[in-house]
>>> print(open('structure20.csv').read())   # CSV, C-alpha atoms
chain,number,residue,atom,x,y,z
A,15,MET,CA,3.6,6.9,17.8
A,16,SER,CA,3.7,5.6,14.2
A,17,LYS,CA,4.2,8.0,11.3
A,18,PHE,CA,3.4,7.4,7.7
A,19,LYS,CA,7.2,7.4,7.0
A,20,ASP,CA,7.4,4.2,9.0
A,21,VAL,CA,5.5,2.3,6.4
A,22,VAL,CA,7.5,0.0,4.2
A,23,VAL,CA,6.1,0.0,0.7
A,24,THR,CA,6.4,-3.0,-1.7
A,25,LEU,CA,4.9,-3.3,-5.2
A,26,SER,CA,3.7,-6.6,-6.5
A,27,LYS,CA,2.0,-8.1,-9.5
A,28,LYS,CA,0.6,-10.8,-7.3
A,29,HIS,CA,-2.1,-10.6,-4.6
A,30,PRO,CA,-0.3,-10.6,-1.3
A,31,GLU,CA,-2.6,-13.2,0.3
A,32,THR,CA,-3.8,-15.5,-2.5
A,33,GLY,CA,-0.9,-15.2,-5.0
A,34,GLU,CA,-3.3,-14.6,-7.8
A,35,PRO,CA,-1.9,-12.3,-10.5
A,36,ALA,CA,-3.2,-8.8,-10.6
A,37,GLN,CA,-5.5,-7.9,-13.5
A,38,ALA,CA,-3.8,-6.6,-16.6
A,39,GLY,CA,-2.4,-3.1,-16.1
A,40,HIS,CA,-2.7,-3.3,-12.3
A,41,SER,CA,-0.3,-3.7,-9.4
A,42,PHE,CA,-0.7,-4.3,-5.7
A,43,VAL,CA,0.8,-1.7,-3.4
A,44,ILE,CA,1.6,-3.5,-0.1
A,45,GLY,CA,2.5,-1.7,3.1
A,46,THR,CA,3.9,-3.0,6.3
A,47,LEU,CA,3.8,-1.1,9.6
A,48,GLY,CA,5.2,-3.1,12.5
A,49,LYS,CA,3.3,-6.4,12.4
A,50,LYS,CA,0.4,-5.0,10.3
A,51,THR,CA,0.2,-5.4,6.6
A,52,GLY,CA,-2.3,-3.7,4.3
A,53,PHE,CA,-2.6,-3.4,0.6
A,54,TYR,CA,-4.6,-2.0,-2.3
A,55,GLU,CA,-4.7,-2.4,-6.0
A,56,ILE,CA,-3.9,0.4,-8.4
A,57,GLU,CA,-3.5,0.9,-12.1
A,58,THR,CA,0.2,0.5,-12.9
A,59,ALA,CA,0.1,3.6,-15.0
A,60,GLN,CA,-1.1,5.6,-11.9
A,61,LEU,CA,2.0,4.6,-10.0
A,62,ASN,CA,4.2,6.9,-12.1
A,63,LYS,CA,2.2,9.9,-10.8
A,64,PHE,CA,2.9,9.1,-7.1
A,65,LYS,CA,6.0,9.5,-5.1
A,66,ASN,CA,6.9,6.8,-2.5
A,67,GLU,CA,5.6,9.2,0.2
A,68,ASP,CA,2.2,9.4,-1.4
A,69,LEU,CA,2.0,5.6,-1.3
A,70,GLN,CA,3.2,5.6,2.3
A,71,GLN,CA,0.4,8.0,3.3
A,72,GLU,CA,-2.3,6.0,1.6
A,73,LEU,CA,-1.1,2.8,3.2
A,74,PHE,CA,-0.8,4.5,6.6
A,75,LYS,CA,-4.5,5.4,6.4
A,76,LEU,CA,-5.3,1.7,5.9
A,77,LEU,CA,-2.9,0.4,8.6
A,78,HIS,CA,-3.3,3.0,11.2
A,79,PRO,CA,-6.9,4.4,11.1
A,80,GLN,CA,-7.3,7.5,13.1
A,81,THR,CA,-10.2,7.6,15.6
A,82,HIS,CA,-12.1,10.8,15.5
A,83,HIS,CA,-12.9,12.3,18.9
>>> encode(input="structure20.csv", output="structure tokens")
Amino acid sequence: MSKFKDVVVTLSKKHPETGEPAQAGHSFVIGTLGKKTGFYEIETAQLNKFKNEDLQQELFKLLHPQTHH
């Protein structure tokens, strides 16, 4: 079973699908888990408040949604 630590995190100033530049002061946080890729946009200043593990956990939620029983 996948764990959030399996997510590979990449930061980019360009949109991962369109190549459009991020708006001023923003970055894209891109995560890859196996063959799935997900991303979200964040204020670049906010990145300094997060550790890599925090970013992995957020991306894991996007890439590996939990079903609630």
>>> atom_distance(input="structure20.csv", atom1="CA of Ile44 in chain A", atom2="CA of Pro30 in chain A")
7.4 Å
>>> residues_around(input="structure20.csv", residues="Met15 in chain A", least_positions_apart="4", cutoff="12 Å", atoms="only C-alpha atoms", output="number ranges by chain")
A: 19-20, 47-48, 78, 80
>>> residues_around(input="structure20.csv", residues="range 53-69 of chain A", least_positions_apart="2", cutoff="9 Å", atoms="all atoms listed in the file", output="MDAnalysis selection string")
chainID A and resid 18:19 23 29:30 36 38:46 51 71:74 76:77
>>> atom_distance(input="structure20.csv", atom1="CA of Leu25 in chain A", atom2="CA of Lys75 in chain A")
17.3 Å
>>> decode(input="structure20.csv", residues="range 39-67 of chain A", atoms="N, CA and C atoms", output="compact mmCIF listing (two decimals), in the first residue's frame")
# COMPACT_ATOMS: atom_id res chain seq x y z
N GLY A 39 4.68 35.46 -7.15
CA GLY A 39 4.71 35.06 -5.75
C GLY A 39 4.15 33.68 -5.49
N HIS A 40 3.89 32.92 -6.54
CA HIS A 40 3.33 31.58 -6.38
C HIS A 40 4.25 30.54 -7.01
N SER A 41 4.11 29.31 -6.53
CA SER A 41 4.82 28.16 -7.10
C SER A 41 3.84 27.01 -7.21
N PHE A 42 4.16 26.07 -8.08
CA PHE A 42 3.38 24.84 -8.16
C PHE A 42 4.13 23.76 -7.39
N VAL A 43 3.40 23.04 -6.58
CA VAL A 43 3.94 21.88 -5.88
C VAL A 43 3.41 20.67 -6.63
N ILE A 44 4.32 19.90 -7.21
CA ILE A 44 3.94 18.77 -8.05
C ILE A 44 4.35 17.49 -7.33
N GLY A 45 3.45 16.54 -7.30
CA GLY A 45 3.75 15.27 -6.66
C GLY A 45 3.53 14.12 -7.61
N THR A 46 4.41 13.14 -7.54
CA THR A 46 4.28 11.94 -8.37
C THR A 46 4.24 10.73 -7.45
N LEU A 47 3.24 9.90 -7.67
CA LEU A 47 3.08 8.66 -6.90
C LEU A 47 2.81 7.56 -7.92
N GLY A 48 3.83 6.74 -8.17
CA GLY A 48 3.69 5.73 -9.21
C GLY A 48 3.47 6.42 -10.54
N LYS A 49 2.35 6.12 -11.20
CA LYS A 49 2.06 6.74 -12.50
C LYS A 49 1.15 7.94 -12.37
N LYS A 50 0.72 8.25 -11.15
CA LYS A 50 -0.17 9.40 -10.94
C LYS A 50 0.63 10.65 -10.66
N THR A 51 0.15 11.75 -11.19
CA THR A 51 0.76 13.05 -10.90
C THR A 51 -0.35 14.00 -10.47
N GLY A 52 -0.08 14.75 -9.44
CA GLY A 52 -1.02 15.76 -8.97
C GLY A 52 -0.25 17.01 -8.61
N PHE A 53 -0.96 18.11 -8.52
CA PHE A 53 -0.28 19.36 -8.19
C PHE A 53 -1.27 20.33 -7.59
N TYR A 54 -0.72 21.33 -6.92
CA TYR A 54 -1.51 22.46 -6.47
C TYR A 54 -0.62 23.68 -6.45
N GLU A 55 -1.23 24.84 -6.39
CA GLU A 55 -0.50 26.09 -6.40
C GLU A 55 -0.45 26.62 -4.97
N ILE A 56 0.67 27.23 -4.61
CA ILE A 56 0.85 27.74 -3.26
C ILE A 56 1.64 29.04 -3.34
N GLU A 57 1.42 29.91 -2.36
CA GLU A 57 2.24 31.11 -2.30
C GLU A 57 3.66 30.69 -1.97
N THR A 58 4.61 31.22 -2.72
CA THR A 58 6.00 30.84 -2.52
C THR A 58 6.44 31.12 -1.09
N ALA A 59 5.96 32.21 -0.50
CA ALA A 59 6.32 32.53 0.88
C ALA A 59 5.86 31.45 1.86
N GLN A 60 4.74 30.78 1.54
CA GLN A 60 4.21 29.72 2.41
C GLN A 60 5.12 28.50 2.41
N LEU A 61 5.83 28.29 1.32
CA LEU A 61 6.68 27.09 1.21
C LEU A 61 7.69 27.01 2.33
N ASN A 62 8.18 28.16 2.77
CA ASN A 62 9.19 28.16 3.82
C ASN A 62 8.65 27.64 5.15
N LYS A 63 7.34 27.64 5.31
CA LYS A 63 6.72 27.19 6.57
C LYS A 63 6.52 25.68 6.59
N PHE A 64 6.66 25.04 5.43
CA PHE A 64 6.38 23.61 5.34
C PHE A 64 7.67 22.81 5.20
N LYS A 65 7.66 21.63 5.75
CA LYS A 65 8.74 20.68 5.50
C LYS A 65 8.34 19.84 4.29
N ASN A 66 9.30 19.13 3.75
CA ASN A 66 9.02 18.26 2.62
C ASN A 66 7.91 17.27 2.96
N GLU A 67 7.93 16.76 4.19
CA GLU A 67 6.90 15.78 4.60
C GLU A 67 5.51 16.38 4.56
